[in-house]
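One file, start38.tsv, carrying TSV, C-alpha atoms and all ligand atoms:
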```
chain	number	residue	atom	x	y	z
A	1	MET	CA	10.43	-26.78	13.85
A	2	SER	CA	11.20	-25.44	17.29
A	3	ASN	CA	8.50	-25.51	19.96
A	4	GLU	CA	9.42	-22.09	21.30
A	5	THR	CA	6.28	-20.23	22.47
A	6	GLU	CA	6.00	-16.75	23.91
A	7	ARG	CA	2.96	-15.06	25.41
A	8	VAL	CA	2.29	-11.37	24.72
A	9	ARG	CA	-0.56	-9.01	25.40
A	10	LEU	CA	-0.63	-7.27	22.02
A	11	LEU	CA	1.05	-8.42	18.84
A	12	ILE	CA	1.31	-6.09	15.85
A	13	ILE	CA	2.05	-7.59	12.44
A	14	GLY	CA	3.55	-5.17	9.93
A	15	SER	CA	5.80	-2.12	9.99
A	16	GLY	CA	4.33	0.51	7.69
A	17	PRO	CA	2.70	3.71	9.00
A	18	ALA	CA	-0.26	1.71	10.37
A	19	GLY	CA	1.81	-0.82	12.32
A	20	TYR	CA	4.25	1.70	13.78
A	21	THR	CA	1.50	4.16	14.73
A	22	ALA	CA	-0.37	1.34	16.47
A	23	ALA	CA	2.89	0.52	18.29
A	24	ILE	CA	3.39	4.15	19.42
A	25	TYR	CA	-0.12	4.37	20.85
A	26	ALA	CA	-0.11	0.87	22.36
A	27	ALA	CA	3.31	1.39	24.00
A	28	ARG	CA	2.17	4.68	25.51
A	29	ALA	CA	-0.90	2.85	26.84
A	30	ASP	CA	1.49	0.41	28.55
A	31	LEU	CA	0.33	-2.60	26.52
A	32	LYS	CA	3.97	-3.59	25.90
A	33	PRO	CA	3.36	-4.30	22.21
A	34	VAL	CA	5.56	-6.65	20.24
A	35	LEU	CA	5.78	-5.79	16.54
A	36	TYR	CA	7.07	-8.06	13.80
A	37	GLN	CA	8.29	-6.06	10.83
A	38	GLY	CA	7.60	-8.55	8.04
A	39	LEU	CA	9.51	-9.05	4.82
A	40	GLN	CA	9.80	-5.34	4.01
A	41	PRO	CA	10.61	-3.43	7.21
A	42	GLY	CA	9.04	0.02	6.89
A	43	GLY	CA	6.57	-1.12	4.24
A	44	GLN	CA	5.76	0.44	0.88
A	45	LEU	CA	7.18	3.87	1.80
A	46	THR	CA	10.67	2.43	1.86
A	47	THR	CA	10.36	1.96	-1.91
A	48	THR	CA	9.52	5.60	-2.56
A	49	THR	CA	11.91	8.52	-2.61
A	50	GLU	CA	10.51	11.87	-1.52
A	51	VAL	CA	7.32	12.23	0.54
A	52	GLU	CA	5.82	15.72	0.42
A	53	ASN	CA	2.25	15.14	1.57
A	54	PHE	CA	2.72	13.76	5.09
A	55	PRO	CA	1.66	16.55	7.46
A	56	GLY	CA	4.37	17.87	9.73
A	57	TYR	CA	7.19	17.83	7.18
A	58	PRO	CA	7.03	21.30	5.59
A	59	ASP	CA	10.10	20.61	3.45
A	60	GLY	CA	9.18	17.00	2.66
A	61	THR	CA	11.18	13.97	3.69
A	62	MET	CA	12.45	10.72	2.22
A	63	GLY	CA	10.19	7.66	2.57
A	64	PRO	CA	12.81	5.34	4.15
A	65	GLU	CA	13.93	8.08	6.55
A	66	MET	CA	10.34	8.79	7.60
A	67	MET	CA	9.80	5.13	8.42
A	68	GLU	CA	12.99	5.17	10.52
A	69	HIS	CA	11.45	8.06	12.47
A	70	PHE	CA	8.22	6.07	12.96
A	71	ARG	CA	10.22	3.10	14.25
A	72	LYS	CA	12.37	5.17	16.62
A	73	GLN	CA	9.31	6.91	18.01
A	74	ALA	CA	7.67	3.55	18.76
A	75	GLU	CA	10.88	2.24	20.38
A	76	ARG	CA	11.19	5.36	22.50
A	77	PHE	CA	8.02	4.31	24.31
A	78	GLY	CA	9.17	0.73	24.74
A	79	ALA	CA	7.61	-1.04	21.76
A	80	ASP	CA	9.49	-4.27	21.10
A	81	ILE	CA	10.24	-4.11	17.35
A	82	ARG	CA	11.58	-7.31	15.87
A	83	PHE	CA	12.68	-8.77	12.56
A	84	GLY	CA	10.44	-11.62	11.56
A	85	HIS	CA	7.63	-12.52	9.22
A	86	ALA	CA	4.28	-13.97	10.27
A	87	THR	CA	3.89	-17.17	8.28
A	88	ASP	CA	0.77	-18.68	9.87
A	89	VAL	CA	-2.04	-17.69	12.21
A	90	ASP	CA	-4.61	-19.58	14.23
A	91	PHE	CA	-7.47	-17.37	15.42
A	92	SER	CA	-9.75	-20.27	16.43
A	93	GLY	CA	-9.06	-20.21	20.17
A	94	ALA	CA	-9.38	-17.71	23.01
A	95	VAL	CA	-5.68	-16.94	22.61
A	96	HIS	CA	-4.47	-16.09	19.12
A	97	LYS	CA	-1.49	-18.05	17.81
A	98	ILE	CA	0.87	-16.46	15.32
A	99	THR	CA	3.76	-18.40	13.84
A	100	ILE	CA	6.86	-16.37	13.04
A	101	ASP	CA	9.24	-17.47	10.28
A	102	GLY	CA	7.69	-20.92	10.27
A	103	SER	CA	9.00	-21.86	13.71
A	104	LYS	CA	8.42	-19.62	16.72
A	105	VAL	CA	4.81	-19.39	17.99
A	106	VAL	CA	3.57	-16.24	19.71
A	107	ASP	CA	0.40	-16.45	21.81
A	108	ALA	CA	-1.30	-13.06	21.80
A	109	GLU	CA	-4.35	-11.81	23.66
A	110	ALA	CA	-4.94	-9.21	20.97
A	111	VAL	CA	-3.55	-8.80	17.46
A	112	ILE	CA	-3.33	-5.80	15.14
A	113	ILE	CA	-2.88	-6.73	11.51
A	114	ALA	CA	-1.10	-4.05	9.49
A	115	THR	CA	0.44	-6.14	6.72
A	116	GLY	CA	-0.46	-3.63	3.99
A	117	ALA	CA	-0.88	-4.18	0.31
A	118	SER	CA	1.61	-4.47	-2.49
A	119	ALA	CA	1.30	-2.67	-5.80
A	120	LYS	CA	1.25	-4.93	-8.81
A	121	TRP	CA	3.98	-4.26	-11.35
A	122	LEU	CA	4.37	-5.09	-15.03
A	123	GLY	CA	7.51	-7.08	-14.32
A	124	LEU	CA	9.88	-5.25	-16.67
A	125	GLU	CA	13.55	-4.94	-15.76
A	126	SER	CA	13.52	-1.22	-16.67
A	127	GLU	CA	10.50	-0.69	-14.40
A	128	LYS	CA	12.42	-2.10	-11.46
A	129	ARG	CA	15.60	-0.20	-12.26
A	130	LEU	CA	13.83	3.18	-12.53
A	131	ASN	CA	11.45	2.65	-9.61
A	132	GLY	CA	11.55	5.87	-7.58
A	133	PHE	CA	13.36	7.65	-10.45
A	134	GLY	CA	10.36	8.41	-12.63
A	135	VAL	CA	8.54	5.10	-12.17
A	136	SER	CA	5.87	5.08	-9.49
A	137	ALA	CA	2.79	3.11	-8.46
A	138	CYS	CA	1.14	6.07	-6.74
A	139	ALA	CA	0.06	9.19	-8.64
A	140	THR	CA	-1.30	10.85	-5.49
A	141	CYS	CA	2.12	10.45	-3.88
A	142	ASP	CA	4.39	11.29	-6.80
A	143	GLY	CA	2.35	13.16	-9.45
A	144	TYR	CA	3.43	16.52	-8.09
A	145	PHE	CA	7.04	15.86	-9.07
A	146	PHE	CA	5.95	15.84	-12.73
A	147	ARG	CA	3.91	19.01	-12.90
A	148	LYS	CA	3.86	20.65	-16.33
A	149	GLN	CA	5.64	17.59	-17.75
A	150	ASP	CA	4.44	14.68	-19.91
A	151	VAL	CA	3.70	11.36	-18.21
A	152	ALA	CA	2.22	7.95	-19.01
A	153	ILE	CA	0.03	5.73	-16.89
A	154	VAL	CA	-0.70	2.06	-17.49
A	155	GLY	CA	-3.97	0.44	-16.41
A	156	ALA	CA	-7.66	0.75	-17.16
A	157	GLY	CA	-9.44	0.17	-13.86
A	158	ASP	CA	-10.93	2.77	-11.50
A	159	THR	CA	-7.53	3.47	-9.96
A	160	ALA	CA	-5.88	4.16	-13.32
A	161	ALA	CA	-8.82	6.32	-14.43
A	162	GLU	CA	-8.80	8.29	-11.17
A	163	GLU	CA	-5.03	8.72	-11.21
A	164	ALA	CA	-5.02	9.73	-14.89
A	165	THR	CA	-7.48	12.56	-14.20
A	166	TYR	CA	-5.48	13.56	-11.12
A	167	LEU	CA	-2.28	13.67	-13.19
A	168	ALA	CA	-4.03	15.59	-15.97
A	169	LYS	CA	-4.57	18.49	-13.56
A	170	LEU	CA	-0.86	18.70	-12.77
A	171	CYS	CA	0.82	17.57	-15.94
A	172	ASN	CA	1.02	18.88	-19.45
A	173	LYS	CA	-0.02	15.62	-21.10
A	174	VAL	CA	-1.04	12.16	-19.87
A	175	TYR	CA	-0.84	9.06	-22.04
A	176	MET	CA	-3.07	6.28	-20.73
A	177	ILE	CA	-1.85	2.88	-21.86
A	178	VAL	CA	-4.74	0.39	-22.06
A	179	ARG	CA	-4.04	-3.19	-23.06
A	180	ARG	CA	-7.51	-4.00	-24.46
A	181	ASP	CA	-10.01	-2.04	-26.57
A	182	GLU	CA	-12.10	-1.22	-23.52
A	183	MET	CA	-11.66	-0.13	-19.93
A	184	ARG	CA	-12.59	-1.98	-16.79
A	185	ALA	CA	-13.24	1.30	-14.93
A	186	SER	CA	-16.80	2.38	-14.11
A	187	LYS	CA	-18.64	4.27	-16.86
A	188	ALA	CA	-18.55	7.50	-14.84
A	189	MET	CA	-14.76	7.31	-14.47
A	190	GLN	CA	-14.35	6.47	-18.16
A	191	HIS	CA	-16.38	9.55	-19.10
A	192	ARG	CA	-14.19	11.70	-16.92
A	193	VAL	CA	-11.08	10.36	-18.61
A	194	MET	CA	-12.50	10.77	-22.10
A	195	ASN	CA	-13.65	14.30	-21.38
A	196	THR	CA	-10.24	15.41	-20.15
A	197	PRO	CA	-8.55	17.05	-23.13
A	198	ASN	CA	-4.94	16.41	-22.12
A	199	ILE	CA	-5.39	12.65	-21.63
A	200	GLU	CA	-4.67	10.57	-24.71
A	201	ILE	CA	-5.80	6.95	-24.51
A	202	LEU	CA	-3.71	4.40	-26.35
A	203	TRP	CA	-5.97	1.37	-26.84
A	204	ASN	CA	-4.70	-2.17	-27.44
A	205	THR	CA	-1.30	-1.03	-26.30
A	206	VAL	CA	1.32	-2.74	-24.18
A	207	THR	CA	4.48	-1.37	-22.61
A	208	LEU	CA	7.67	-2.91	-23.95
A	209	GLU	CA	10.27	-0.92	-22.06
A	210	ILE	CA	10.78	2.17	-19.98
A	211	LEU	CA	13.63	4.22	-21.34
A	212	GLY	CA	16.16	6.27	-19.44
A	213	ASP	CA	19.51	5.92	-17.78
A	214	LYS	CA	19.16	7.55	-14.36
A	215	THR	CA	15.60	8.86	-14.76
A	216	VAL	CA	12.72	8.12	-17.12
A	217	SER	CA	13.03	9.73	-20.56
A	218	GLY	CA	10.42	7.78	-22.50
A	219	VAL	CA	8.36	4.62	-22.89
A	220	LYS	CA	8.41	2.16	-25.76
A	221	VAL	CA	4.93	0.85	-26.49
A	222	LYS	CA	3.38	-1.49	-29.03
A	223	ASN	CA	-0.09	-1.60	-30.51
A	224	THR	CA	-1.05	-5.27	-30.41
A	225	LYS	CA	-3.55	-4.90	-33.30
A	226	THR	CA	-1.25	-3.16	-35.78
A	227	ALA	CA	2.13	-4.30	-34.33
A	228	GLU	CA	3.23	-0.66	-34.58
A	229	GLU	CA	5.85	0.33	-32.03
A	230	LYS	CA	6.49	3.87	-30.89
A	231	ILE	CA	8.24	5.87	-28.22
A	232	LEU	CA	6.32	8.23	-25.95
A	233	LYS	CA	8.52	11.02	-24.66
A	234	VAL	CA	7.59	11.19	-20.98
A	235	GLU	CA	9.34	12.00	-17.73
A	236	GLY	CA	7.07	9.97	-15.47
A	237	PHE	CA	5.64	6.45	-15.75
A	238	PHE	CA	2.84	5.41	-13.43
A	239	VAL	CA	1.71	1.85	-12.94
A	240	ALA	CA	-1.92	1.49	-11.82
A	241	ILE	CA	-2.78	-2.12	-12.52
A	242	GLY	CA	-4.09	-2.96	-9.07
A	243	HIS	CA	-2.87	-3.84	-5.61
A	244	GLU	CA	-2.64	-7.13	-3.80
A	245	PRO	CA	-3.55	-7.01	-0.10
A	246	ASN	CA	-1.14	-9.07	1.99
A	247	THR	CA	-3.80	-11.35	3.44
A	248	GLY	CA	-2.77	-14.80	2.25
A	249	ILE	CA	-2.28	-16.20	5.75
A	250	PHE	CA	-5.66	-14.90	6.96
A	251	LYS	CA	-7.80	-16.58	4.29
A	252	GLY	CA	-10.41	-18.85	5.84
A	253	GLN	CA	-9.96	-17.22	9.27
A	254	LEU	CA	-10.97	-13.60	8.75
A	255	ASP	CA	-13.77	-12.17	6.63
A	256	LEU	CA	-12.24	-10.73	3.46
A	257	ASP	CA	-13.96	-8.78	0.69
A	258	SER	CA	-14.05	-9.98	-2.92
A	259	ASN	CA	-10.66	-8.35	-3.59
A	260	GLY	CA	-9.05	-10.03	-0.57
A	261	TYR	CA	-9.00	-6.98	1.76
A	262	ILE	CA	-9.87	-7.55	5.43
A	263	LYS	CA	-13.39	-6.45	6.28
A	264	THR	CA	-13.64	-4.20	9.31
A	265	LYS	CA	-16.74	-3.07	11.17
A	266	PRO	CA	-17.50	0.38	9.67
A	267	GLY	CA	-15.93	3.23	11.59
A	268	THR	CA	-13.71	0.86	13.63
A	269	THR	CA	-10.80	-1.53	13.16
A	270	TYR	CA	-12.69	-4.57	14.52
A	271	THR	CA	-12.57	-7.69	12.32
A	272	ASN	CA	-15.01	-10.59	12.65
A	273	ILE	CA	-12.72	-12.24	15.24
A	274	PRO	CA	-12.79	-10.73	18.76
A	275	GLY	CA	-9.38	-9.36	19.68
A	276	VAL	CA	-8.16	-9.17	16.10
A	277	PHE	CA	-7.99	-5.69	14.58
A	278	ALA	CA	-6.91	-4.50	11.13
A	279	ALA	CA	-5.39	-1.17	10.12
A	280	GLY	CA	-3.87	0.45	7.06
A	281	ASP	CA	-3.91	-0.67	3.45
A	282	VAL	CA	-4.71	-4.28	4.32
A	283	GLN	CA	-8.28	-3.10	5.00
A	284	ASP	CA	-8.38	-0.02	2.73
A	285	HIS	CA	-8.37	-0.12	-1.04
A	286	VAL	CA	-9.74	3.39	-1.42
A	287	TYR	CA	-7.45	5.93	0.29
A	288	ARG	CA	-4.14	4.03	0.59
A	289	GLN	CA	-2.20	7.00	1.99
A	290	ALA	CA	0.47	6.96	4.70
A	291	VAL	CA	-1.52	9.43	6.73
A	292	THR	CA	-4.76	7.43	6.54
A	293	ALA	CA	-2.86	4.24	7.38
A	294	ALA	CA	-1.33	5.98	10.40
A	295	GLY	CA	-4.81	7.17	11.40
A	296	THR	CA	-6.28	3.68	11.36
A	297	GLY	CA	-3.17	2.38	13.19
A	298	CYS	CA	-4.00	4.80	16.00
A	299	MET	CA	-7.64	3.60	15.93
A	300	ALA	CA	-6.54	-0.04	16.13
A	301	ALA	CA	-4.38	0.60	19.21
A	302	ILE	CA	-7.26	2.39	20.94
A	303	ASP	CA	-9.74	-0.35	19.93
A	304	ALA	CA	-7.34	-3.04	21.20
A	305	GLU	CA	-6.67	-1.20	24.45
A	306	ARG	CA	-10.38	-0.83	25.21
A	307	TRP	CA	-11.12	-4.40	24.16
A	308	LEU	CA	-8.35	-5.74	26.44
A	309	ALA	CA	-9.59	-3.60	29.34
A	310	LEU	CA	-13.17	-4.88	28.93
A	311	LYS	CA	-11.91	-8.47	28.71
A	312	GLN	CA	-9.92	-8.01	31.93
A	313	ASP	CA	-12.93	-6.48	33.73
A	314	GLY	CA	-15.34	-9.09	32.39
B	1	LIG	P1	-8.51	-3.42	-11.13
B	1	LIG	O1	-8.10	-4.81	-10.86
B	1	LIG	O2	-9.96	-3.07	-11.11
B	1	LIG	O3	-7.97	-2.97	-12.56
B	1	LIG	C1	-6.67	-3.27	-12.94
B	1	LIG	C2	-6.48	-2.73	-14.36
B	1	LIG	O4	-5.14	-2.92	-14.74
B	1	LIG	C3	-7.35	-3.44	-15.40
B	1	LIG	O5	-7.83	-2.51	-16.34
B	1	LIG	C4	-6.36	-4.41	-16.05
B	1	LIG	O6	-6.61	-4.62	-17.42
B	1	LIG	C5	-5.08	-3.63	-15.96
B	1	LIG	N1	-3.93	-4.53	-15.92
B	1	LIG	C6	-3.70	-5.56	-15.08
B	1	LIG	N2	-2.52	-6.14	-15.33
B	1	LIG	C7	-2.00	-5.46	-16.40
B	1	LIG	C8	-0.82	-5.57	-17.14
B	1	LIG	N3	0.10	-6.51	-16.85
B	1	LIG	N4	-0.62	-4.71	-18.16
B	1	LIG	C9	-1.52	-3.76	-18.46
B	1	LIG	N5	-2.68	-3.58	-17.80
B	1	LIG	C10	-2.90	-4.43	-16.78
B	1	LIG	O7	-7.65	-2.53	-10.08
B	1	LIG	P2	-7.92	-1.06	-9.52
B	1	LIG	O8	-6.76	-0.76	-8.64
B	1	LIG	O9	-8.20	-0.13	-10.61
B	1	LIG	O10	-9.21	-1.21	-8.61
B	1	LIG	C11	-9.26	-2.16	-7.53
B	1	LIG	C12	-10.65	-2.09	-6.87
B	1	LIG	O11	-10.79	-0.83	-6.20
B	1	LIG	C13	-11.78	-2.15	-7.89
B	1	LIG	O12	-12.85	-2.85	-7.31
B	1	LIG	C14	-12.15	-0.71	-8.11
B	1	LIG	O13	-13.48	-0.53	-8.54
B	1	LIG	C15	-11.93	-0.13	-6.70
B	1	LIG	N6	-11.64	1.31	-6.77
B	1	LIG	C16	-12.66	2.18	-6.60
B	1	LIG	C17	-12.46	3.54	-6.68
B	1	LIG	C18	-13.59	4.44	-6.49
B	1	LIG	O14	-14.70	3.97	-6.38
B	1	LIG	N7	-13.38	5.72	-6.45
B	1	LIG	C19	-11.12	4.11	-6.92
B	1	LIG	C20	-10.11	3.10	-7.10
B	1	LIG	C21	-10.38	1.77	-7.03
B	1	LIG	P3	-7.83	-5.56	-17.93
B	1	LIG	O15	-9.06	-4.73	-17.74
B	1	LIG	O16	-7.47	-5.80	-19.34
B	1	LIG	O17	-7.79	-6.79	-17.07
```
Would you write the structure of this file as structure tokens?
Ligand code: NDP
Amino acid sequence: MSNETERVRLLIIGSGPAGYTAAIYAARADLKPVLYQGLQPGGQLTTTTEVENFPGYPDGTMGPEMMEHFRKQAERFGADIRFGHATDVDFSGAVHKITIDGSKVVDAEAVIIATGASAKWLGLESEKRLNGFGVSACATCDGYFFRKQDVAIVGAGDTAAEEATYLAKLCNKVYMIVRRDEMRASKAMQHRVMNTPNIEILWNTVTLEILGDKTVSGVKVKNTKTAEEKILKVEGFFVAIGHEPNTGIFKGQLDLDSNGYIKTKPGTTYTNIPGVFAAGDVQDHVYRQAVTAAGTGCMAAIDAERWLALKQDG
């Protein structure tokens, strides 16, 4: 362990739309932000292909390319963007201590947490191979690419139910693959699913393999009660089995909700610790869109700027 310590005014952890937007605003406010990109520079959007719903791109853009644009825009105003992963934090003192890659310690007056959330996956090799080529963890983002086609969605919580009904509006047919004989989703959402004629629920069913060479052409499923296996001919496969907020290092220091998301004061990005702000999917399990993450990133930079100014005056 090295004892290297650096002092900064504002540290931003995470490099998705929330982190980079916070960096753009903070740099323009002359806060000289330092941003650590984390294990997946650019965040979840770097694992998607085309993005058509981010305002300002009338012809759409590619996720990785869009995140490059975010980064360059932040750097243009002097944000210090660095490789590195926050491995530990200590928010107990007046100055916040963030350990990077297990060795370097950064002392920060204010911190914006934008570490995001990660979609959970089934763990199949074919799911990984076809990710972005018919396999997606976001129906709102990618459903449009499958309009008038047949798709399948796995999961039985509120997200899966909501996404299945969303897909049903765009697609010809939606197979909903449910591993038990009941759904976890709220009764209201279940009713919506069951009353949508082009959704077919496959109960007690697990996914064995996603078929297709370059793009998805079908899904092999198995009924665990009857052991019957069959192939669903679909062009899209959506995984909606939950998300995991990236909040492991904040447990015990920040107030988290029962699903592990950071709690923020309603209408703001303030956490329970003064000078620590949270933006993007790490504090939002409802909207989870690039544009909403960017919006809260902007809010976090403004909240941090005002908080730092008050601290200086006081
Ligand atoms: P949940 O954890 O609630 O549900 C996950 C679902 O995926 C469960 O049905 C689970 O099955 C299933 N699942 C998990 N792992 C596998 C697997 N390996 N194979 C097959 N199925 C699997 O996650 P959600 O994202 O749906 O919701 C997260 C939270 O957000 C919840 O509190 C939810 O209520 C909330 N939410 C609210 C919304 C709203 O109010 N509009 C919209 C979306 C989310 P099983 O049931 O068998 O465990």
### Query
Could you name the residues that touch Asp142 of chain A at 10 Å or less, counting all atoms listed in the file, but leaving out those on the same chain fewer than 6 positions away, as number ranges by chain?
A: 48-53, 132, 134-136, 167, 236, 238
### Task
Please extract the residues at most 8 Å from ligand LIG 1 (chain B), counting all atoms listed in the file, and provide them as an MDAnalysis selection string, using the chain letters and residue numbers of this document.
chainID A and resid 120:123 154:162 177:180 182:186 206:207 240:243 259 285:286
Please identify all polymer residues within 9 Å of segment 250-256 of chain A, counting only C-alpha atoms, omitting same-chain residues fewer than 2 positions from it, and present them as a PDB file with C-alpha atoms, in the frame of the given file.
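Okay, out-v2.pdb is ready:
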```
ATOM      1  CA  ASP A  88       0.770 -18.680   9.870  1.00  0.00           C
ATOM      2  CA  VAL A  89      -2.040 -17.690  12.210  1.00  0.00           C
ATOM      3  CA  ASP A  90      -4.610 -19.580  14.230  1.00  0.00           C
ATOM      4  CA  PHE A  91      -7.470 -17.370  15.420  1.00  0.00           C
ATOM      5  CA  SER A  92      -9.750 -20.270  16.430  1.00  0.00           C
ATOM      6  CA  ASN A 246      -1.140  -9.070   1.990  1.00  0.00           C
ATOM      7  CA  THR A 247      -3.800 -11.350   3.440  1.00  0.00           C
ATOM      8  CA  GLY A 248      -2.770 -14.800   2.250  1.00  0.00           C
ATOM      9  CA  SER A 258     -14.050  -9.980  -2.920  1.00  0.00           C
ATOM     10  CA  ASN A 259     -10.660  -8.350  -3.590  1.00  0.00           C
ATOM     11  CA  GLY A 260      -9.050 -10.030  -0.570  1.00  0.00           C
ATOM     12  CA  TYR A 261      -9.000  -6.980   1.760  1.00  0.00           C
ATOM     13  CA  ILE A 262      -9.870  -7.550   5.430  1.00  0.00           C
ATOM     14  CA  LYS A 263     -13.390  -6.450   6.280  1.00  0.00           C
ATOM     15  CA  THR A 264     -13.640  -4.200   9.310  1.00  0.00           C
ATOM     16  CA  THR A 271     -12.570  -7.690  12.320  1.00  0.00           C
ATOM     17  CA  ASN A 272     -15.010 -10.590  12.650  1.00  0.00           C
ATOM     18  CA  ILE A 273     -12.720 -12.240  15.240  1.00  0.00           C
ATOM     19  CA  GLN A 283      -8.280  -3.100   5.000  1.00  0.00           C
TER      20      GLN A 283
END
```
What's the 8 Å shell around Asp107 of chain A, counting all atoms listed in the file, without same-chain residues fewer than 6 positions away, as a PDB file with C-alpha atoms, in the coordinates of the input?
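Output saved as result15.pdb:
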```pdb
ATOM      1  CA  THR A   5       6.280 -20.230  22.470  1.00  0.00           C
ATOM      2  CA  GLU A   6       6.000 -16.750  23.910  1.00  0.00           C
ATOM      3  CA  ARG A   7       2.960 -15.060  25.410  1.00  0.00           C
ATOM      4  CA  VAL A   8       2.290 -11.370  24.720  1.00  0.00           C
ATOM      5  CA  VAL A  95      -5.680 -16.940  22.610  1.00  0.00           C
ATOM      6  CA  HIS A  96      -4.470 -16.090  19.120  1.00  0.00           C
ATOM      7  CA  LYS A  97      -1.490 -18.050  17.810  1.00  0.00           C
ATOM      8  CA  ILE A  98       0.870 -16.460  15.320  1.00  0.00           C
TER       9      ILE A  98
END
```
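Atom pair atom CA of Val106 of chain A / atom CA of Met299 of chain A has a distance of 23.1 Å (rounded to one decimal).
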### Message
Please determine, counting all atoms listed in the file, which residue among A:Met62, A:Ala108, A:Ile249, A:Val291 has the shortest atom-to-atom distance to Ala86 of chain A.
### Response
A:Ile249
### Query
Hey, what's within 8 Å of segment 68-73 of chain A if we count all atoms listed in the file and toss same-chain stuff fewer than 5 positions away? As a list in words, please?
Pro17, Tyr20, Thr21, Ile24, Gly42 and Ile81 of chain A
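Comparing the minimum interatomic distances between Lys220 of chain A and each of A:Gln149, A:Thr196, A:Ser126, A:Asn131, counting all atoms listed in the file, we find that A:Ser126 sits nearest.
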#### Entry: One-decimal distance in Å that lies between atom CA of Val221 of chain A and atom CA of Ile201 of chain A
12.5 Å
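Among the candidate residues A:Ser15, A:Thr165, A:Thr205, A:Thr115, the one lying nearest to Gln37 of chain A is A:Ser15, with distances computed using all atoms listed in the file.
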### Test item: residues at most 12 Å from Lys169 of chain A, all atoms listed in the file, excluding those fewer than 6 positions along its chain, as a PyMOL selection string
chain A and resi 139-140+143-144+146-151+162-163+193+196-199
Take the point (2.8, -0.3, 7.6) as written in the file and pick out every residue within 6 Å of it, counting all atoms listed in the file; give the list as a PDB file with C-alpha atoms, in the frame of the given file.
```
ATOM      1  CA  GLY A  14       3.550  -5.170   9.930  1.00  0.00           C
ATOM      2  CA  SER A  15       5.800  -2.120   9.990  1.00  0.00           C
ATOM      3  CA  GLY A  16       4.330   0.510   7.690  1.00  0.00           C
ATOM      4  CA  PRO A  17       2.700   3.710   9.000  1.00  0.00           C
ATOM      5  CA  ALA A  18      -0.260   1.710  10.370  1.00  0.00           C
ATOM      6  CA  GLY A  19       1.810  -0.820  12.320  1.00  0.00           C
ATOM      7  CA  GLY A  43       6.570  -1.120   4.240  1.00  0.00           C
ATOM      8  CA  ALA A 114      -1.100  -4.050   9.490  1.00  0.00           C
ATOM      9  CA  GLY A 116      -0.460  -3.630   3.990  1.00  0.00           C
TER      10      GLY A 116
END
```
### Interatomic distance (Å, one decimal) between atom CA of Cys141 of chain A and atom CA of Glu75 of chain A
27.1 Å
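Counting only C-alpha atoms, the residue from A:Leu310, A:Tyr36, A:Met176, A:Phe54 that sits nearest to Thr292 of chain A is A:Phe54.
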Once 3 Å is added on each side, what centre and edge lengths in Å to one decimal does the axis-aligned box around all listed atoms of segment 291-308 of chain A have, as JSON?
```
{"center_x": -6.2, "center_y": 1.8, "center_z": 16.5, "size_x": 15.8, "size_y": 21.2, "size_z": 25.9}
```
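Closest approach to Arg28 of chain A among A:Lys187, A:Glu235, A:Phe77, A:Asp284 is made by A:Phe77 (distances from all atoms listed in the file).
Counting all atoms listed in the file and comparing A:Pro266, A:Met194, A:Val276, A:Ala168, the residue that lies closest to Ile13 of chain A is A:Val276.
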